[in-house]
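Scroll down for the structure; my scribbles are underneath it.
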Amino acid sequence: MTETGDGAGRPIGWTVRLGQWDYSAAWDLQARLVRARIGGQVPDLLLLVEHPHVYTVGRGGDGRHILWDEERLRKKGVDVYYVDRGGDVTYHGPGQAVGYPIVSLRGRGLDPHRYLRDLEEVLIRALAGFGIRGRRVEGLTGVWVDGAKVAAIGVRFTRAVTSHGFALNVNTDLSYFDGIIPCGITGRPVTSMQALLGRPVDMDAVCDALIASFSEVFGLKMRWVGVSAIDQWAAGLCDSRNGRDHPHDLAAQESCQSL
């Protein structure tokens, strides 16, 4: 049972900051939340997370664009996952804001192309708040600044519900991109907010900006939800029969070419 809205015509959405989570744990959580969203147990929501060093290869790749051998990967502490999103290979790591929206497209025209453009718009608006002018590049998915990619997008659709998402380079160690051909596209550099601004950027401020722009673009009134509460909903453990709201704690990922 989901919440209905904020009294101003906007439905309620949930947002939760997971902190730093192992990639496989976040991937598993997404799968359970997708099932809960399909079943109407949760509203549209946005997970924000940082991962330890990891390369993920989507359905459009086969690992050929990972350039480091197993010994180098081990020395650099990089895990590799073959995942169910669109696109080829990308990097996630500390200093990167990764967003996983779990959104039903049934109320958004069932248009996956529009959804990708909406994710780009979320990122462009968030970057603008820091004085960075992000752009789209025709024929490519993601957000770019002066020809360098600052944010990657890759998604999966399951019965019109989304998973995976975007990765925004904030204070990212860009040397880890040397181990791959990002998205399988040669001749396209990557950048970060830190590199563009010449200083470290506060991650909490970036997350705040992403939540605000997500709220605007998707027309949601965002509510903070704690990790334990959202995990309970995903596992179907919340008892809504007592007439109370869901348990919540108010204190409390790329397509290179995803379609």
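Please note that chains go A, B, ... in the order of the structure tokens, that every chain numbers its residues from 1, and that ligands are numbered from 1 in the order shown.
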For Ala195 (chain A), work out the shell of residues within 12 Å, counting only C-alpha atoms and skipping chain neighbours fewer than 2 positions away, then give it as number ranges by chain.
-> A: 132, 145, 148-150, 169-174, 190-193, 197-201
Writer output for current selection, C-alpha atoms, as a compact mmCIF listing (two decimals), in the first residue's frame:
```txt
# COMPACT_ATOMS: atom_id res chain seq x y z
CA ILE A 132 28.40 23.31 -14.42
CA VAL A 145 30.68 18.79 -20.43
CA ALA A 148 33.79 14.70 -21.74
CA LYS A 149 31.29 12.45 -20.00
CA VAL A 150 30.50 13.46 -16.43
CA ASN A 169 31.38 11.55 -11.18
CA VAL A 170 31.75 13.91 -8.23
CA ASN A 171 35.16 13.42 -6.57
CA THR A 172 35.87 10.24 -8.52
CA ASP A 173 39.40 8.92 -9.04
CA LEU A 174 39.28 9.06 -12.83
CA VAL A 190 35.54 11.25 -18.82
CA THR A 191 35.54 14.04 -16.27
CA SER A 192 34.23 14.80 -12.77
CA MET A 193 32.72 17.72 -10.91
CA LEU A 197 35.55 23.01 -10.59
CA GLY A 198 39.15 22.54 -9.48
CA ARG A 199 38.16 21.58 -5.93
CA PRO A 200 36.52 18.74 -3.99
CA VAL A 201 32.73 18.88 -3.97
```
Could you write out, as an MDAnalysis selection string, all the residues of region 29-205 of chain A that DSSP marks as alpha helix (DSSP H)?
-> chainID A and resid 29:38 70:76 112:128 193:197 203:205
Please provide the set of residues having any atom within 8 Å of Val49 (chain A), restricted to only C-alpha atoms, with same-chain residues fewer than 3 positions apart removed, written as an MDAnalysis selection string.
-> chainID A and resid 17:21 97:99
Those same residues - C-alpha atoms - I'd like them written as a PDB file, in the first residue's frame.
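Contents of the output file again05.pdb:
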```pdb
ATOM      1  CA  ARG A  17      20.830   7.310   1.033  1.00  0.00           C
ATOM      2  CA  LEU A  18      22.441   3.941   1.429  1.00  0.00           C
ATOM      3  CA  GLY A  19      25.945   5.293   2.027  1.00  0.00           C
ATOM      4  CA  GLN A  20      28.665   2.984   0.726  1.00  0.00           C
ATOM      5  CA  TRP A  21      27.249  -0.402  -0.191  1.00  0.00           C
ATOM      6  CA  ALA A  97      27.039   9.510  -6.738  1.00  0.00           C
ATOM      7  CA  VAL A  98      25.111   6.517  -8.053  1.00  0.00           C
ATOM      8  CA  GLY A  99      21.341   6.768  -8.318  1.00  0.00           C
TER       9      GLY A  99
END
```
Please produce, as a Markdown table, a per-residue contact table for region 81-194 of chain A versus region 53-68 of chain A (criterion: any atom at most 7 Å away, only C-alpha atoms considered), showing the nearest atom pair and its distance in Å to one decimal, sorted by chain then residue number.
```
| residue | atom | partner | partner_atom | distance |
| --- | --- | --- | --- | --- |
| A:Tyr81 | CA | A:Thr56 | CA | 4.8 |
| A:Tyr82 | CA | A:Val57 | CA | 4.7 |
| A:Val83 | CA | A:Gly58 | CA | 5.2 |
| A:Asp84 | CA | A:Gly58 | CA | 5.8 |
| A:Arg85 | CA | A:Gly58 | CA | 5.1 |
| A:Gly86 | CA | A:Gly58 | CA | 5.2 |
| A:Gly87 | CA | A:Gly60 | CA | 4.7 |
| A:Asp88 | CA | A:Gly61 | CA | 4.3 |
| A:Val89 | CA | A:Val57 | CA | 4.2 |
| A:Thr90 | CA | A:Thr56 | CA | 5.6 |
| A:Tyr91 | CA | A:Tyr55 | CA | 4.6 |
| A:His92 | CA | A:Val54 | CA | 5.3 |
| A:Gly93 | CA | A:His53 | CA | 4.3 |
| A:Pro94 | CA | A:His53 | CA | 6.9 |
| A:Gly179 | CA | A:Leu67 | CA | 5.0 |
| A:Ile180 | CA | A:Ile66 | CA | 4.4 |
| A:Ile181 | CA | A:His65 | CA | 5.2 |
| A:Gly184 | CA | A:His65 | CA | 6.1 |
```
Pick out the residues sitting within 12 Å of Arg35 (chain A), and hand them over as an MDAnalysis selection string; count only C-alpha atoms, and ignore anything fewer than 4 positions along from it in its own chain.
-> chainID A and resid 28:31 39:43 102:104 157:163 233:236
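Residues in contact range of Leu116 (chain A), defined as at most 9 Å between only C-alpha atoms, with sequence neighbours fewer than 5 positions away removed, read Glu121, Thr141, Gly142, Ile153, Gly154, Val155 and Ser258 of chain A.
Across the structure, CA of Met222 (chain A) and CA of Leu46 (chain A) are spaced 9.0 Å apart.
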Near-region 214-221 of chain A list (7 Å; only C-alpha atoms; drop same-chain fewer than 5 positions) as a PDB file with N, CA and C atoms, in the first residue's frame:
```
ATOM      1  N   ASP A   6       0.785  14.722  -1.535  1.00  0.00           N
ATOM      2  CA  ASP A   6       1.124  15.749  -0.557  1.00  0.00           C
ATOM      3  C   ASP A   6       0.059  16.817  -0.429  1.00  0.00           C
ATOM      4  N   ARG A  10       0.845  16.217  -6.111  1.00  0.00           N
ATOM      5  CA  ARG A  10       2.049  15.439  -6.399  1.00  0.00           C
ATOM      6  C   ARG A  10       2.039  14.150  -5.588  1.00  0.00           C
ATOM      7  N   PRO A  11       2.267  13.009  -6.222  1.00  0.00           N
ATOM      8  CA  PRO A  11       2.371  11.771  -5.450  1.00  0.00           C
ATOM      9  C   PRO A  11       3.638  11.762  -4.611  1.00  0.00           C
ATOM     10  N   ILE A  12       3.593  10.984  -3.554  1.00  0.00           N
ATOM     11  CA  ILE A  12       4.751  10.825  -2.681  1.00  0.00           C
ATOM     12  C   ILE A  12       5.760   9.882  -3.337  1.00  0.00           C
ATOM     13  N   GLY A  13       7.024  10.258  -3.261  1.00  0.00           N
ATOM     14  CA  GLY A  13       8.106   9.360  -3.636  1.00  0.00           C
ATOM     15  C   GLY A  13       9.034   9.198  -2.451  1.00  0.00           C
ATOM     16  N   ASP A 118      14.596  12.075 -19.253  1.00  0.00           N
ATOM     17  CA  ASP A 118      14.276  12.615 -17.935  1.00  0.00           C
ATOM     18  C   ASP A 118      15.454  12.438 -16.971  1.00  0.00           C
ATOM     19  N   VAL A 122      17.488  15.348 -14.964  1.00  0.00           N
ATOM     20  CA  VAL A 122      17.782  15.372 -13.529  1.00  0.00           C
ATOM     21  C   VAL A 122      19.237  15.747 -13.300  1.00  0.00           C
TER      22      VAL A 122
END
```
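Residues in contact with Gly147 (chain A) at 12 Å, where only C-alpha atoms are counted and same-chain residues fewer than 3 positions away are skipped, are listed as Arg133, Gly134, Arg135, Arg136, Val137, Glu138, Leu140, Gly142, Val143, Trp144, Val150, Ala151, Gly187, Arg188, Pro189, Val190 and Thr191 of chain A.
Nearest residue to Leu123 (chain A), choosing from A:Ile38, A:Ile230, A:Leu45, A:Val206 and counting only C-alpha atoms: A:Val206.
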Run DSSP on the backbone of this structure and report the residues of region 47-237 of chain A it assigns to strand (DSSP E or B), as JSON, numbers by chain.
-> {"A": [47, 48, 49, 50, 54, 55, 56, 57, 66, 79, 80, 81, 82, 89, 90, 91, 92, 96, 97, 98, 99, 100, 101, 102, 104, 135, 143, 144, 145, 148, 149, 150, 151, 152, 153, 154, 155, 156, 157, 158, 161, 162, 163, 164, 165, 166, 167, 168, 169, 180, 190, 221, 222, 223, 224]}
One-decimal distance in Å that lies between CA of Pro182 (chain A) and CA of Pro101 (chain A) | 21.8 Å
Give me, please, the distance in Å between CA of Val78 (chain A) and CA of Pro52 (chain A), quoted to one decimal.
-> 7.9 Å
